[in-house]
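Structure file coords-v5.cif (mmCIF, N, CA and C atoms) follows.
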data_model
loop_
_atom_site.label_atom_id
_atom_site.label_comp_id
_atom_site.auth_asym_id
_atom_site.auth_seq_id
_atom_site.Cartn_x
_atom_site.Cartn_y
_atom_site.Cartn_z
N MET A 1 69.93 29.99 -155.61
CA MET A 1 70.27 30.35 -156.97
C MET A 1 71.74 30.04 -157.22
N ALA A 2 72.02 29.41 -158.31
CA ALA A 2 73.40 29.12 -158.69
C ALA A 2 73.88 30.19 -159.66
N TRP A 3 75.17 30.44 -159.63
CA TRP A 3 75.80 31.40 -160.52
C TRP A 3 76.65 30.64 -161.53
N ASP A 4 76.94 31.27 -162.65
CA ASP A 4 77.80 30.66 -163.65
C ASP A 4 79.25 31.05 -163.39
N LEU A 5 80.15 30.14 -163.74
CA LEU A 5 81.58 30.41 -163.63
C LEU A 5 81.88 31.68 -164.41
N GLY A 6 82.54 32.64 -163.77
CA GLY A 6 82.85 33.92 -164.41
C GLY A 6 81.87 35.02 -164.09
N ASP A 7 80.71 34.68 -163.52
CA ASP A 7 79.73 35.70 -163.11
C ASP A 7 80.29 36.57 -161.99
N THR A 8 79.77 37.79 -161.91
CA THR A 8 80.00 38.62 -160.74
C THR A 8 78.86 38.33 -159.78
N VAL A 9 79.20 37.80 -158.62
CA VAL A 9 78.21 37.43 -157.61
C VAL A 9 78.07 38.60 -156.64
N PRO A 10 76.89 39.24 -156.59
CA PRO A 10 76.71 40.37 -155.67
C PRO A 10 76.37 39.87 -154.26
N LEU A 11 77.25 40.10 -153.33
CA LEU A 11 77.04 39.68 -151.94
C LEU A 11 76.71 40.91 -151.11
N THR A 12 75.75 40.77 -150.20
CA THR A 12 75.34 41.91 -149.38
C THR A 12 75.12 41.50 -147.93
N ALA A 13 75.33 42.46 -147.06
CA ALA A 13 75.04 42.27 -145.64
C ALA A 13 74.46 43.57 -145.11
N GLU A 14 73.50 43.43 -144.22
CA GLU A 14 72.94 44.59 -143.53
C GLU A 14 73.24 44.43 -142.05
N ILE A 15 73.72 45.50 -141.44
CA ILE A 15 74.05 45.47 -140.02
C ILE A 15 73.11 46.42 -139.29
N VAL A 16 72.48 45.87 -138.26
CA VAL A 16 71.48 46.65 -137.51
C VAL A 16 71.90 46.78 -136.05
N ASP A 17 71.33 47.81 -135.40
CA ASP A 17 71.60 48.00 -133.98
C ASP A 17 70.58 47.22 -133.15
N ALA A 18 70.61 47.42 -131.84
CA ALA A 18 69.73 46.68 -130.93
C ALA A 18 68.26 46.94 -131.21
N ASN A 19 67.93 48.08 -131.84
CA ASN A 19 66.54 48.41 -132.18
C ASN A 19 66.12 47.88 -133.54
N GLY A 20 67.06 47.26 -134.26
CA GLY A 20 66.74 46.73 -135.58
C GLY A 20 66.91 47.75 -136.69
N ASP A 21 67.51 48.91 -136.37
CA ASP A 21 67.73 49.95 -137.37
C ASP A 21 69.10 49.78 -138.01
N LEU A 22 69.19 50.02 -139.31
CA LEU A 22 70.48 49.97 -139.98
C LEU A 22 71.45 50.92 -139.29
N THR A 23 72.67 50.44 -139.09
CA THR A 23 73.66 51.25 -138.38
C THR A 23 75.03 51.13 -139.03
N ALA A 24 75.82 52.19 -138.91
CA ALA A 24 77.19 52.15 -139.41
C ALA A 24 77.99 51.20 -138.54
N ALA A 25 78.83 50.42 -139.16
CA ALA A 25 79.64 49.45 -138.42
C ALA A 25 81.11 49.67 -138.76
N SER A 26 81.97 49.18 -137.89
CA SER A 26 83.40 49.23 -138.18
C SER A 26 83.93 47.81 -138.25
N GLY A 27 85.06 47.67 -138.92
CA GLY A 27 85.69 46.37 -139.04
C GLY A 27 84.89 45.36 -139.82
N VAL A 28 84.16 45.81 -140.84
CA VAL A 28 83.33 44.89 -141.64
C VAL A 28 84.22 44.10 -142.60
N VAL A 29 84.12 42.77 -142.53
CA VAL A 29 84.93 41.89 -143.37
C VAL A 29 84.02 40.82 -143.96
N CYS A 30 84.23 40.51 -145.23
CA CYS A 30 83.56 39.39 -145.88
C CYS A 30 84.64 38.39 -146.28
N THR A 31 84.56 37.19 -145.72
CA THR A 31 85.51 36.13 -146.06
C THR A 31 84.78 35.09 -146.89
N ILE A 32 85.32 34.79 -148.05
CA ILE A 32 84.69 33.83 -148.96
C ILE A 32 85.54 32.56 -148.96
N GLY A 33 84.88 31.44 -148.63
CA GLY A 33 85.53 30.14 -148.69
C GLY A 33 85.32 29.54 -150.06
N LEU A 34 86.41 29.21 -150.72
CA LEU A 34 86.34 28.67 -152.08
C LEU A 34 86.27 27.15 -152.06
N PRO A 35 85.77 26.54 -153.13
CA PRO A 35 85.65 25.08 -153.18
C PRO A 35 86.96 24.32 -152.97
N ASP A 36 88.09 24.94 -153.29
CA ASP A 36 89.37 24.25 -153.12
C ASP A 36 89.91 24.34 -151.69
N GLY A 37 89.13 24.94 -150.78
CA GLY A 37 89.53 25.03 -149.38
C GLY A 37 90.25 26.31 -149.00
N THR A 38 90.58 27.15 -149.98
CA THR A 38 91.23 28.42 -149.68
C THR A 38 90.18 29.48 -149.40
N THR A 39 90.61 30.63 -148.89
CA THR A 39 89.70 31.73 -148.63
C THR A 39 90.23 33.01 -149.25
N VAL A 40 89.32 33.93 -149.53
CA VAL A 40 89.67 35.27 -149.99
C VAL A 40 88.86 36.27 -149.19
N THR A 41 89.42 37.47 -149.02
CA THR A 41 88.71 38.54 -148.32
C THR A 41 88.69 39.76 -149.22
N PRO A 42 87.69 39.84 -150.10
CA PRO A 42 87.62 40.96 -151.05
C PRO A 42 87.30 42.27 -150.34
N SER A 43 87.53 43.34 -151.04
CA SER A 43 87.24 44.68 -150.53
C SER A 43 85.73 44.85 -150.36
N VAL A 44 85.33 45.42 -149.23
CA VAL A 44 83.92 45.63 -148.91
C VAL A 44 83.56 47.09 -149.19
N SER A 45 82.43 47.30 -149.87
CA SER A 45 81.91 48.65 -150.12
C SER A 45 80.78 48.94 -149.14
N ASN A 46 80.55 50.22 -148.89
CA ASN A 46 79.51 50.67 -147.95
C ASN A 46 78.65 51.72 -148.66
N PRO A 47 77.70 51.27 -149.54
CA PRO A 47 76.92 52.23 -150.33
C PRO A 47 75.99 53.11 -149.50
N SER A 48 75.55 52.65 -148.33
CA SER A 48 74.70 53.46 -147.46
C SER A 48 74.79 52.93 -146.04
N THR A 49 74.27 53.68 -145.10
CA THR A 49 74.36 53.32 -143.69
C THR A 49 73.84 51.90 -143.45
N GLY A 50 74.69 51.05 -142.89
CA GLY A 50 74.30 49.70 -142.52
C GLY A 50 74.29 48.69 -143.65
N ARG A 51 74.54 49.12 -144.87
CA ARG A 51 74.53 48.22 -146.02
C ARG A 51 75.97 48.05 -146.54
N TYR A 52 76.36 46.78 -146.71
CA TYR A 52 77.72 46.46 -147.12
C TYR A 52 77.65 45.47 -148.28
N THR A 53 78.53 45.68 -149.26
CA THR A 53 78.46 44.85 -150.47
C THR A 53 79.86 44.42 -150.92
N VAL A 54 79.87 43.31 -151.63
CA VAL A 54 81.07 42.81 -152.31
C VAL A 54 80.62 42.31 -153.67
N ASP A 55 81.33 42.68 -154.71
CA ASP A 55 81.11 42.11 -156.05
C ASP A 55 82.23 41.09 -156.26
N PHE A 56 81.87 39.82 -156.13
CA PHE A 56 82.84 38.73 -156.19
C PHE A 56 82.77 38.04 -157.54
N VAL A 57 83.88 37.97 -158.26
CA VAL A 57 83.92 37.28 -159.55
C VAL A 57 84.27 35.81 -159.29
N ALA A 58 83.35 34.92 -159.68
CA ALA A 58 83.50 33.49 -159.43
C ALA A 58 84.51 32.87 -160.38
N THR A 59 85.60 32.35 -159.81
CA THR A 59 86.66 31.75 -160.61
C THR A 59 86.77 30.25 -160.42
N GLN A 60 85.96 29.68 -159.49
CA GLN A 60 85.95 28.24 -159.26
C GLN A 60 84.50 27.76 -159.22
N ALA A 61 84.25 26.61 -159.81
CA ALA A 61 82.93 26.00 -159.74
C ALA A 61 82.80 25.26 -158.41
N GLY A 62 81.59 25.23 -157.87
CA GLY A 62 81.34 24.48 -156.65
C GLY A 62 80.72 25.35 -155.56
N ARG A 63 80.64 24.76 -154.36
CA ARG A 63 80.03 25.41 -153.20
C ARG A 63 81.00 26.41 -152.59
N HIS A 64 80.53 27.64 -152.39
CA HIS A 64 81.29 28.70 -151.74
C HIS A 64 80.59 29.06 -150.43
N THR A 65 81.36 29.51 -149.45
CA THR A 65 80.78 30.04 -148.23
C THR A 65 81.08 31.53 -148.16
N GLU A 66 80.18 32.27 -147.54
CA GLU A 66 80.46 33.68 -147.28
C GLU A 66 80.24 33.93 -145.79
N ARG A 67 81.16 34.63 -145.19
CA ARG A 67 81.09 34.92 -143.75
C ARG A 67 81.34 36.41 -143.56
N TRP A 68 80.31 37.10 -143.07
CA TRP A 68 80.40 38.53 -142.78
C TRP A 68 80.60 38.71 -141.28
N THR A 69 81.54 39.58 -140.92
CA THR A 69 81.74 39.93 -139.51
C THR A 69 81.98 41.43 -139.40
N SER A 70 81.65 41.96 -138.24
CA SER A 70 81.98 43.35 -137.93
C SER A 70 82.38 43.41 -136.46
N THR A 71 83.13 44.45 -136.12
CA THR A 71 83.60 44.55 -134.73
C THR A 71 82.75 45.49 -133.87
N SER A 72 82.17 46.52 -134.46
CA SER A 72 81.36 47.45 -133.67
C SER A 72 80.19 47.93 -134.52
N PRO A 73 78.99 47.41 -134.29
CA PRO A 73 78.66 46.39 -133.30
C PRO A 73 79.21 45.03 -133.74
N ALA A 74 79.41 44.18 -132.76
CA ALA A 74 79.92 42.83 -133.04
C ALA A 74 78.81 42.01 -133.68
N THR A 75 79.03 41.60 -134.93
CA THR A 75 78.04 40.80 -135.65
C THR A 75 78.74 39.71 -136.45
N ALA A 76 77.99 38.71 -136.82
CA ALA A 76 78.50 37.65 -137.69
C ALA A 76 77.31 37.04 -138.42
N ARG A 77 77.53 36.69 -139.69
CA ARG A 77 76.50 36.03 -140.50
C ARG A 77 77.19 35.18 -141.54
N SER A 78 76.66 33.99 -141.78
CA SER A 78 77.23 33.08 -142.78
C SER A 78 76.16 32.64 -143.76
N ASP A 79 76.59 32.33 -144.96
CA ASP A 79 75.69 31.81 -145.99
C ASP A 79 76.53 31.02 -146.99
N VAL A 80 75.88 30.45 -147.96
CA VAL A 80 76.55 29.72 -149.03
C VAL A 80 75.99 30.14 -150.37
N PHE A 81 76.78 29.93 -151.42
CA PHE A 81 76.27 30.08 -152.78
C PHE A 81 77.02 29.09 -153.67
N ASP A 82 76.38 28.70 -154.75
CA ASP A 82 76.94 27.70 -155.65
C ASP A 82 77.30 28.33 -156.99
N VAL A 83 78.38 27.85 -157.58
CA VAL A 83 78.82 28.29 -158.91
C VAL A 83 78.84 27.07 -159.80
N ARG A 84 78.14 27.17 -160.93
CA ARG A 84 78.05 26.06 -161.88
C ARG A 84 79.36 25.88 -162.65
N ASP A 85 79.61 24.65 -163.04
CA ASP A 85 80.73 24.33 -163.92
C ASP A 85 80.51 25.03 -165.26
N ALA A 86 81.58 25.34 -165.95
CA ALA A 86 81.47 26.00 -167.25
C ALA A 86 80.81 25.11 -168.30
N THR A 87 80.86 23.80 -168.11
CA THR A 87 80.23 22.87 -169.04
C THR A 87 79.30 21.94 -168.26
N PRO A 88 78.11 22.44 -167.87
CA PRO A 88 77.21 21.61 -167.08
C PRO A 88 76.72 20.40 -167.87
N ALA A 89 76.55 19.30 -167.18
CA ALA A 89 76.11 18.05 -167.81
C ALA A 89 74.62 17.85 -167.56
N TYR A 90 73.80 18.54 -168.32
CA TYR A 90 72.35 18.44 -168.18
C TYR A 90 71.81 17.31 -169.07
N ILE A 91 70.72 16.68 -168.64
CA ILE A 91 70.11 15.65 -169.47
C ILE A 91 69.22 16.24 -170.55
N VAL A 92 68.90 17.51 -170.43
CA VAL A 92 68.10 18.20 -171.43
C VAL A 92 68.55 19.66 -171.45
N SER A 93 68.51 20.28 -172.61
CA SER A 93 68.96 21.67 -172.72
C SER A 93 67.87 22.63 -172.26
N LEU A 94 68.27 23.84 -171.98
CA LEU A 94 67.31 24.89 -171.63
C LEU A 94 66.37 25.16 -172.80
N ALA A 95 66.92 25.17 -174.01
CA ALA A 95 66.10 25.41 -175.20
C ALA A 95 65.04 24.32 -175.38
N ASP A 96 65.43 23.05 -175.20
CA ASP A 96 64.46 21.96 -175.32
C ASP A 96 63.39 22.04 -174.23
N THR A 97 63.80 22.40 -173.03
CA THR A 97 62.85 22.54 -171.93
C THR A 97 61.83 23.63 -172.23
N LYS A 98 62.30 24.76 -172.72
CA LYS A 98 61.40 25.87 -173.05
C LYS A 98 60.45 25.48 -174.18
N GLN A 99 60.96 24.75 -175.17
CA GLN A 99 60.11 24.30 -176.27
C GLN A 99 59.03 23.36 -175.75
N HIS A 100 59.42 22.42 -174.89
CA HIS A 100 58.46 21.47 -174.33
C HIS A 100 57.37 22.20 -173.52
N LEU A 101 57.73 23.28 -172.85
CA LEU A 101 56.77 24.04 -172.05
C LEU A 101 56.05 25.11 -172.86
N ASN A 102 56.26 25.12 -174.18
CA ASN A 102 55.65 26.11 -175.07
C ASN A 102 56.00 27.54 -174.66
N MET A 103 57.25 27.74 -174.27
CA MET A 103 57.74 29.06 -173.91
C MET A 103 58.56 29.61 -175.07
N ALA A 104 58.40 30.88 -175.35
CA ALA A 104 59.18 31.50 -176.41
C ALA A 104 60.65 31.48 -176.05
N ALA A 105 61.49 31.16 -177.02
CA ALA A 105 62.93 31.11 -176.79
C ALA A 105 63.46 32.47 -176.32
N SER A 106 62.82 33.55 -176.77
CA SER A 106 63.28 34.90 -176.42
C SER A 106 62.91 35.30 -174.99
N ARG A 107 62.00 34.56 -174.38
CA ARG A 107 61.59 34.87 -173.01
C ARG A 107 62.66 34.32 -172.05
N THR A 108 63.27 35.21 -171.29
CA THR A 108 64.39 34.79 -170.44
C THR A 108 64.10 34.97 -168.94
N THR A 109 62.94 35.47 -168.59
CA THR A 109 62.66 35.77 -167.19
C THR A 109 62.67 34.54 -166.29
N ASP A 110 62.41 33.36 -166.85
CA ASP A 110 62.36 32.14 -166.05
C ASP A 110 63.59 31.23 -166.25
N ASP A 111 64.56 31.69 -166.99
CA ASP A 111 65.70 30.84 -167.34
C ASP A 111 66.44 30.29 -166.12
N GLU A 112 66.72 31.12 -165.13
CA GLU A 112 67.47 30.64 -163.96
C GLU A 112 66.68 29.60 -163.18
N GLU A 113 65.37 29.80 -163.05
CA GLU A 113 64.54 28.82 -162.36
C GLU A 113 64.50 27.51 -163.14
N LEU A 114 64.37 27.59 -164.46
CA LEU A 114 64.35 26.39 -165.29
C LEU A 114 65.69 25.65 -165.21
N ARG A 115 66.79 26.40 -165.24
CA ARG A 115 68.10 25.76 -165.14
C ARG A 115 68.24 25.02 -163.81
N GLY A 116 67.71 25.61 -162.74
CA GLY A 116 67.74 24.93 -161.44
C GLY A 116 66.98 23.62 -161.47
N TRP A 117 65.81 23.61 -162.12
CA TRP A 117 65.02 22.38 -162.22
C TRP A 117 65.72 21.35 -163.10
N ILE A 118 66.37 21.81 -164.17
CA ILE A 118 67.10 20.89 -165.05
C ILE A 118 68.25 20.25 -164.28
N GLU A 119 68.97 21.04 -163.49
CA GLU A 119 70.07 20.50 -162.67
C GLU A 119 69.55 19.45 -161.70
N THR A 120 68.45 19.78 -161.02
CA THR A 120 67.88 18.86 -160.05
C THR A 120 67.41 17.57 -160.72
N ALA A 121 66.73 17.71 -161.85
CA ALA A 121 66.24 16.53 -162.57
C ALA A 121 67.41 15.66 -163.03
N THR A 122 68.47 16.28 -163.49
CA THR A 122 69.65 15.53 -163.92
C THR A 122 70.22 14.72 -162.77
N GLU A 123 70.36 15.34 -161.60
CA GLU A 123 70.89 14.65 -160.42
C GLU A 123 70.00 13.48 -160.01
N VAL A 124 68.69 13.69 -160.00
CA VAL A 124 67.76 12.63 -159.59
C VAL A 124 67.83 11.45 -160.55
N VAL A 125 67.77 11.74 -161.86
CA VAL A 125 67.81 10.66 -162.85
C VAL A 125 69.12 9.90 -162.74
N GLU A 126 70.23 10.60 -162.59
CA GLU A 126 71.52 9.92 -162.48
C GLU A 126 71.61 9.10 -161.19
N ASP A 127 71.06 9.61 -160.09
CA ASP A 127 71.08 8.85 -158.83
C ASP A 127 70.23 7.59 -158.94
N LEU A 128 69.07 7.69 -159.58
CA LEU A 128 68.18 6.54 -159.71
C LEU A 128 68.66 5.52 -160.73
N SER A 129 69.28 6.00 -161.80
CA SER A 129 69.68 5.08 -162.88
C SER A 129 70.98 4.36 -162.57
N GLY A 130 71.77 4.92 -161.68
CA GLY A 130 73.04 4.29 -161.36
C GLY A 130 74.05 4.39 -162.48
N GLN A 131 73.81 5.29 -163.41
CA GLN A 131 74.76 5.44 -164.51
C GLN A 131 74.81 6.89 -164.94
N THR A 132 75.75 7.21 -165.76
CA THR A 132 75.88 8.56 -166.29
C THR A 132 74.91 8.71 -167.46
N ILE A 133 74.07 9.72 -167.40
CA ILE A 133 73.09 9.96 -168.44
C ILE A 133 73.70 10.76 -169.59
N VAL A 134 74.46 11.77 -169.25
CA VAL A 134 75.04 12.64 -170.26
C VAL A 134 76.39 12.10 -170.68
N ARG A 135 76.72 12.23 -171.96
CA ARG A 135 78.00 11.75 -172.46
C ARG A 135 79.14 12.48 -171.75
N ARG A 136 79.96 11.70 -171.11
CA ARG A 136 81.14 12.23 -170.44
C ARG A 136 82.25 11.21 -170.59
N THR A 137 83.45 11.67 -170.43
CA THR A 137 84.58 10.75 -170.46
C THR A 137 84.70 10.12 -169.09
N ILE A 138 84.66 8.81 -169.04
CA ILE A 138 84.80 8.06 -167.79
C ILE A 138 86.08 7.25 -167.90
N VAL A 139 86.93 7.37 -166.89
CA VAL A 139 88.16 6.59 -166.86
C VAL A 139 87.95 5.48 -165.84
N GLU A 140 88.07 4.25 -166.30
CA GLU A 140 87.89 3.10 -165.43
C GLU A 140 89.18 2.32 -165.43
N ARG A 141 89.68 2.02 -164.25
CA ARG A 141 90.93 1.28 -164.14
C ARG A 141 90.64 -0.12 -163.62
N LYS A 142 91.18 -1.10 -164.31
CA LYS A 142 90.99 -2.50 -163.91
C LYS A 142 92.36 -3.13 -163.72
N PRO A 143 92.50 -3.94 -162.69
CA PRO A 143 93.80 -4.58 -162.49
C PRO A 143 94.08 -5.59 -163.62
N MET A 144 95.32 -5.67 -164.00
CA MET A 144 95.71 -6.63 -165.04
C MET A 144 95.89 -8.00 -164.40
N ARG A 145 95.42 -9.00 -165.09
CA ARG A 145 95.58 -10.36 -164.60
C ARG A 145 96.85 -10.95 -165.15
N GLY A 146 97.60 -11.55 -164.29
CA GLY A 146 98.89 -12.04 -164.73
C GLY A 146 98.94 -13.45 -164.93
#
Starting from the file, lay out its structure as structure tokens.
Amino acid sequence: MAWDLGDTVPLTAEIVDANGDLTAASGVVCTIGLPDGTTVTPSVSNPSTGRYTVDFVATQAGRHTERWTSTSPATARSDVFDVRDATPAYIVSLADTKQHLNMAASRTTDDEELRGWIETATEVVEDLSGQTIVRRTIVERKPMRG
């Protein structure tokens, strides 16, 4: 699932003991790798035994990494999440897609899944066509002949 720029991304980790039961841990840290190569370590909350959360506000578009670690018990887990650009370049709008599928515009339960398919379709069409499908500004530099 991709998130939108500016969304609060809810990140969670569960820490279990050798028996697989949720357990209290110490030294729990969540390190988020940002698309620009920097990292942040937001404050971690502990709403219940063995459950740890971070509400991360996405300020950069692109691929993010999340790395959870704890010291006692010693654990580590990594994952990724994607944040969409504020102005996505889709070949078709969500509204047009819903109309084509005879879905009511007010029905929003499938919007994130549809947006994922629109993103994928856009990438495939652009890869196959060898050109930009959506209107964008392209800067092309050519050497001057003297």
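Residues matched by the PyMOL selection byres ((chain A and resi 60-72) around 6) in this file are Leu5, Ala24, Ala25, Ser26, Gly27, Val28, Val29, Cys30, Thr31, Ile32, Gly33, Leu34, Pro35, Ala58, Thr59, Pro73, Ala74, Thr75, Ala76, Arg77, Ser78, Asp79, Val80, Phe81, Asp82, Val83, Arg84 and Asp85 of chain A.
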Near A:Ile15, within 6.5 Å and counting all atoms listed in the file, which residues show up once chain neighbours fewer than 2 positions away are dropped, as a PDB file with N, CA and C atoms, keeping the file's coordinate frame?
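Generated output (selection05.pdb):
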ATOM      1  N   ALA A  13      75.330  42.460-147.060  1.00  0.00           N
ATOM      2  CA  ALA A  13      75.040  42.270-145.640  1.00  0.00           C
ATOM      3  C   ALA A  13      74.460  43.570-145.110  1.00  0.00           C
ATOM      4  N   ASP A  17      71.330  47.810-135.400  1.00  0.00           N
ATOM      5  CA  ASP A  17      71.600  48.000-133.980  1.00  0.00           C
ATOM      6  C   ASP A  17      70.580  47.220-133.150  1.00  0.00           C
ATOM      7  N   ASP A  21      67.510  48.910-136.370  1.00  0.00           N
ATOM      8  CA  ASP A  21      67.730  49.950-137.370  1.00  0.00           C
ATOM      9  C   ASP A  21      69.100  49.780-138.010  1.00  0.00           C
ATOM     10  N   LEU A  22      69.190  50.020-139.310  1.00  0.00           N
ATOM     11  CA  LEU A  22      70.480  49.970-139.980  1.00  0.00           C
ATOM     12  C   LEU A  22      71.450  50.920-139.290  1.00  0.00           C
ATOM     13  N   THR A  23      72.670  50.440-139.090  1.00  0.00           N
ATOM     14  CA  THR A  23      73.660  51.250-138.380  1.00  0.00           C
ATOM     15  C   THR A  23      75.030  51.130-139.030  1.00  0.00           C
ATOM     16  N   ALA A  24      75.820  52.190-138.910  1.00  0.00           N
ATOM     17  CA  ALA A  24      77.190  52.150-139.410  1.00  0.00           C
ATOM     18  C   ALA A  24      77.990  51.200-138.540  1.00  0.00           C
ATOM     19  N   GLY A  50      74.690  51.050-142.890  1.00  0.00           N
ATOM     20  CA  GLY A  50      74.300  49.700-142.520  1.00  0.00           C
ATOM     21  C   GLY A  50      74.290  48.690-143.650  1.00  0.00           C
ATOM     22  N   ARG A  51      74.540  49.120-144.870  1.00  0.00           N
ATOM     23  CA  ARG A  51      74.530  48.220-146.020  1.00  0.00           C
ATOM     24  C   ARG A  51      75.970  48.050-146.540  1.00  0.00           C
ATOM     25  N   TYR A  52      76.360  46.780-146.710  1.00  0.00           N
ATOM     26  CA  TYR A  52      77.720  46.460-147.120  1.00  0.00           C
ATOM     27  C   TYR A  52      77.650  45.470-148.280  1.00  0.00           C
TER      28      TYR A  52
END
*Out of chain A, which residues get strand (DSSP E or B) from DSSP, as a PyMOL selection string?*
chain A and resi 2-4+8-14+16+22+26+29-33+39-40+45-48+51-57+62-72+74-84
*Might you spell out which residues the PyMOL selection byres ((chain A and resi 108-123) around 8) would select in the displayed file, as a list in words?*
Met1, Ala2, Ala89, Tyr90, Ile91, Val92, Ser93, Leu94, Thr97, Lys98, Ala104, Ala105, Ser106, Arg107, Val124, Val125, Glu126, Asp127, Leu128, Ser129 and Ile133 of chain A
Residues from last step as file, N, CA and C atoms, as an mmCIF file, keeping the file's coordinate frame:
data_model
loop_
_atom_site.group_PDB
_atom_site.id
_atom_site.type_symbol
_atom_site.label_atom_id
_atom_site.label_comp_id
_atom_site.auth_asym_id
_atom_site.auth_seq_id
_atom_site.Cartn_x
_atom_site.Cartn_y
_atom_site.Cartn_z
ATOM 1 N N MET A 1 69.930 29.990 -155.610
ATOM 2 C CA MET A 1 70.270 30.350 -156.970
ATOM 3 C C MET A 1 71.740 30.040 -157.220
ATOM 4 N N ALA A 2 72.020 29.410 -158.310
ATOM 5 C CA ALA A 2 73.400 29.120 -158.690
ATOM 6 C C ALA A 2 73.880 30.190 -159.660
ATOM 7 N N ALA A 89 76.550 19.300 -167.180
ATOM 8 C CA ALA A 89 76.110 18.050 -167.810
ATOM 9 C C ALA A 89 74.620 17.850 -167.560
ATOM 10 N N TYR A 90 73.800 18.540 -168.320
ATOM 11 C CA TYR A 90 72.350 18.440 -168.180
ATOM 12 C C TYR A 90 71.810 17.310 -169.070
ATOM 13 N N ILE A 91 70.720 16.680 -168.640
ATOM 14 C CA ILE A 91 70.110 15.650 -169.470
ATOM 15 C C ILE A 91 69.220 16.240 -170.550
ATOM 16 N N VAL A 92 68.900 17.510 -170.430
ATOM 17 C CA VAL A 92 68.100 18.200 -171.430
ATOM 18 C C VAL A 92 68.550 19.660 -171.450
ATOM 19 N N SER A 93 68.510 20.280 -172.610
ATOM 20 C CA SER A 93 68.960 21.670 -172.720
ATOM 21 C C SER A 93 67.870 22.630 -172.260
ATOM 22 N N LEU A 94 68.270 23.840 -171.980
ATOM 23 C CA LEU A 94 67.310 24.890 -171.630
ATOM 24 C C LEU A 94 66.370 25.160 -172.800
ATOM 25 N N THR A 97 63.800 22.400 -173.030
ATOM 26 C CA THR A 97 62.850 22.540 -171.930
ATOM 27 C C THR A 97 61.830 23.630 -172.230
ATOM 28 N N LYS A 98 62.300 24.760 -172.720
ATOM 29 C CA LYS A 98 61.400 25.870 -173.050
ATOM 30 C C LYS A 98 60.450 25.480 -174.180
ATOM 31 N N ALA A 104 58.400 30.880 -175.350
ATOM 32 C CA ALA A 104 59.180 31.500 -176.410
ATOM 33 C C ALA A 104 60.650 31.480 -176.050
ATOM 34 N N ALA A 105 61.490 31.160 -177.020
ATOM 35 C CA ALA A 105 62.930 31.110 -176.790
ATOM 36 C C ALA A 105 63.460 32.470 -176.320
ATOM 37 N N SER A 106 62.820 33.550 -176.770
ATOM 38 C CA SER A 106 63.280 34.900 -176.420
ATOM 39 C C SER A 106 62.910 35.300 -174.990
ATOM 40 N N ARG A 107 62.000 34.560 -174.380
ATOM 41 C CA ARG A 107 61.590 34.870 -173.010
ATOM 42 C C ARG A 107 62.660 34.320 -172.050
ATOM 43 N N VAL A 124 68.690 13.690 -160.000
ATOM 44 C CA VAL A 124 67.760 12.630 -159.590
ATOM 45 C C VAL A 124 67.830 11.450 -160.550
ATOM 46 N N VAL A 125 67.770 11.740 -161.860
ATOM 47 C CA VAL A 125 67.810 10.660 -162.850
ATOM 48 C C VAL A 125 69.120 9.900 -162.740
ATOM 49 N N GLU A 126 70.230 10.600 -162.590
ATOM 50 C CA GLU A 126 71.520 9.920 -162.480
ATOM 51 C C GLU A 126 71.610 9.100 -161.190
ATOM 52 N N ASP A 127 71.060 9.610 -160.090
ATOM 53 C CA ASP A 127 71.080 8.850 -158.830
ATOM 54 C C ASP A 127 70.230 7.590 -158.940
ATOM 55 N N LEU A 128 69.070 7.690 -159.580
ATOM 56 C CA LEU A 128 68.180 6.540 -159.710
ATOM 57 C C LEU A 128 68.660 5.520 -160.730
ATOM 58 N N SER A 129 69.280 6.000 -161.800
ATOM 59 C CA SER A 129 69.680 5.080 -162.880
ATOM 60 C C SER A 129 70.980 4.360 -162.570
ATOM 61 N N ILE A 133 74.070 9.720 -167.400
ATOM 62 C CA ILE A 133 73.090 9.960 -168.440
ATOM 63 C C ILE A 133 73.700 10.760 -169.590
#
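Straight-line separation from atom C of A:Leu11 to atom CA of A:Gly37: 20.5 Å.
Atom CA of A:Val16 is positioned 21.8 Å from atom CA of A:Pro42.
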*Any chance you could list, as an MDAnalysis selection string, the residues in chain A that come up alpha helix (DSSP H) when DSSP is run on the backbone?*
chainID A and resid 94:100 111:129
*asked:* Taking only C-alpha atoms into account, name the residue in A:Asp4, A:Val44, A:Thr12, A:Met144 that is nearest to A:Val57.
replied: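 The answer is A:Asp4, which sits nearest to A:Val57.
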*At what distance in Å, to one decimal, does atom C of A:Gln99 lie from atom N of A:Gly6?*
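Here the two named atoms are 28.0 Å from each other.
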Could you rebuild stretch 20-24 of chain A with N, CA, C and O atoms and give me the result as a PDB file, in the frame of the given file?
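File written: result_15.pdb
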ATOM      1  N   GLY A  20      67.060  47.260-134.260  1.00  0.00           N
ATOM      2  CA  GLY A  20      66.740  46.730-135.580  1.00  0.00           C
ATOM      3  C   GLY A  20      66.910  47.750-136.690  1.00  0.00           C
ATOM      4  O   GLY A  20      66.513  47.507-137.828  1.00  0.00           O
ATOM      5  N   ASP A  21      67.510  48.910-136.370  1.00  0.00           N
ATOM      6  CA  ASP A  21      67.730  49.950-137.370  1.00  0.00           C
ATOM      7  C   ASP A  21      69.100  49.780-138.010  1.00  0.00           C
ATOM      8  O   ASP A  21      70.077  49.427-137.322  1.00  0.00           O
ATOM      9  N   LEU A  22      69.190  50.020-139.310  1.00  0.00           N
ATOM     10  CA  LEU A  22      70.480  49.970-139.980  1.00  0.00           C
ATOM     11  C   LEU A  22      71.450  50.920-139.290  1.00  0.00           C
ATOM     12  O   LEU A  22      71.081  52.046-138.941  1.00  0.00           O
ATOM     13  N   THR A  23      72.670  50.440-139.090  1.00  0.00           N
ATOM     14  CA  THR A  23      73.660  51.250-138.380  1.00  0.00           C
ATOM     15  C   THR A  23      75.030  51.130-139.030  1.00  0.00           C
ATOM     16  O   THR A  23      75.340  50.090-139.626  1.00  0.00           O
ATOM     17  N   ALA A  24      75.820  52.190-138.910  1.00  0.00           N
ATOM     18  CA  ALA A  24      77.190  52.150-139.410  1.00  0.00           C
ATOM     19  C   ALA A  24      77.990  51.200-138.540  1.00  0.00           C
ATOM     20  O   ALA A  24      77.826  51.180-137.321  1.00  0.00           O
TER      21      ALA A  24
END
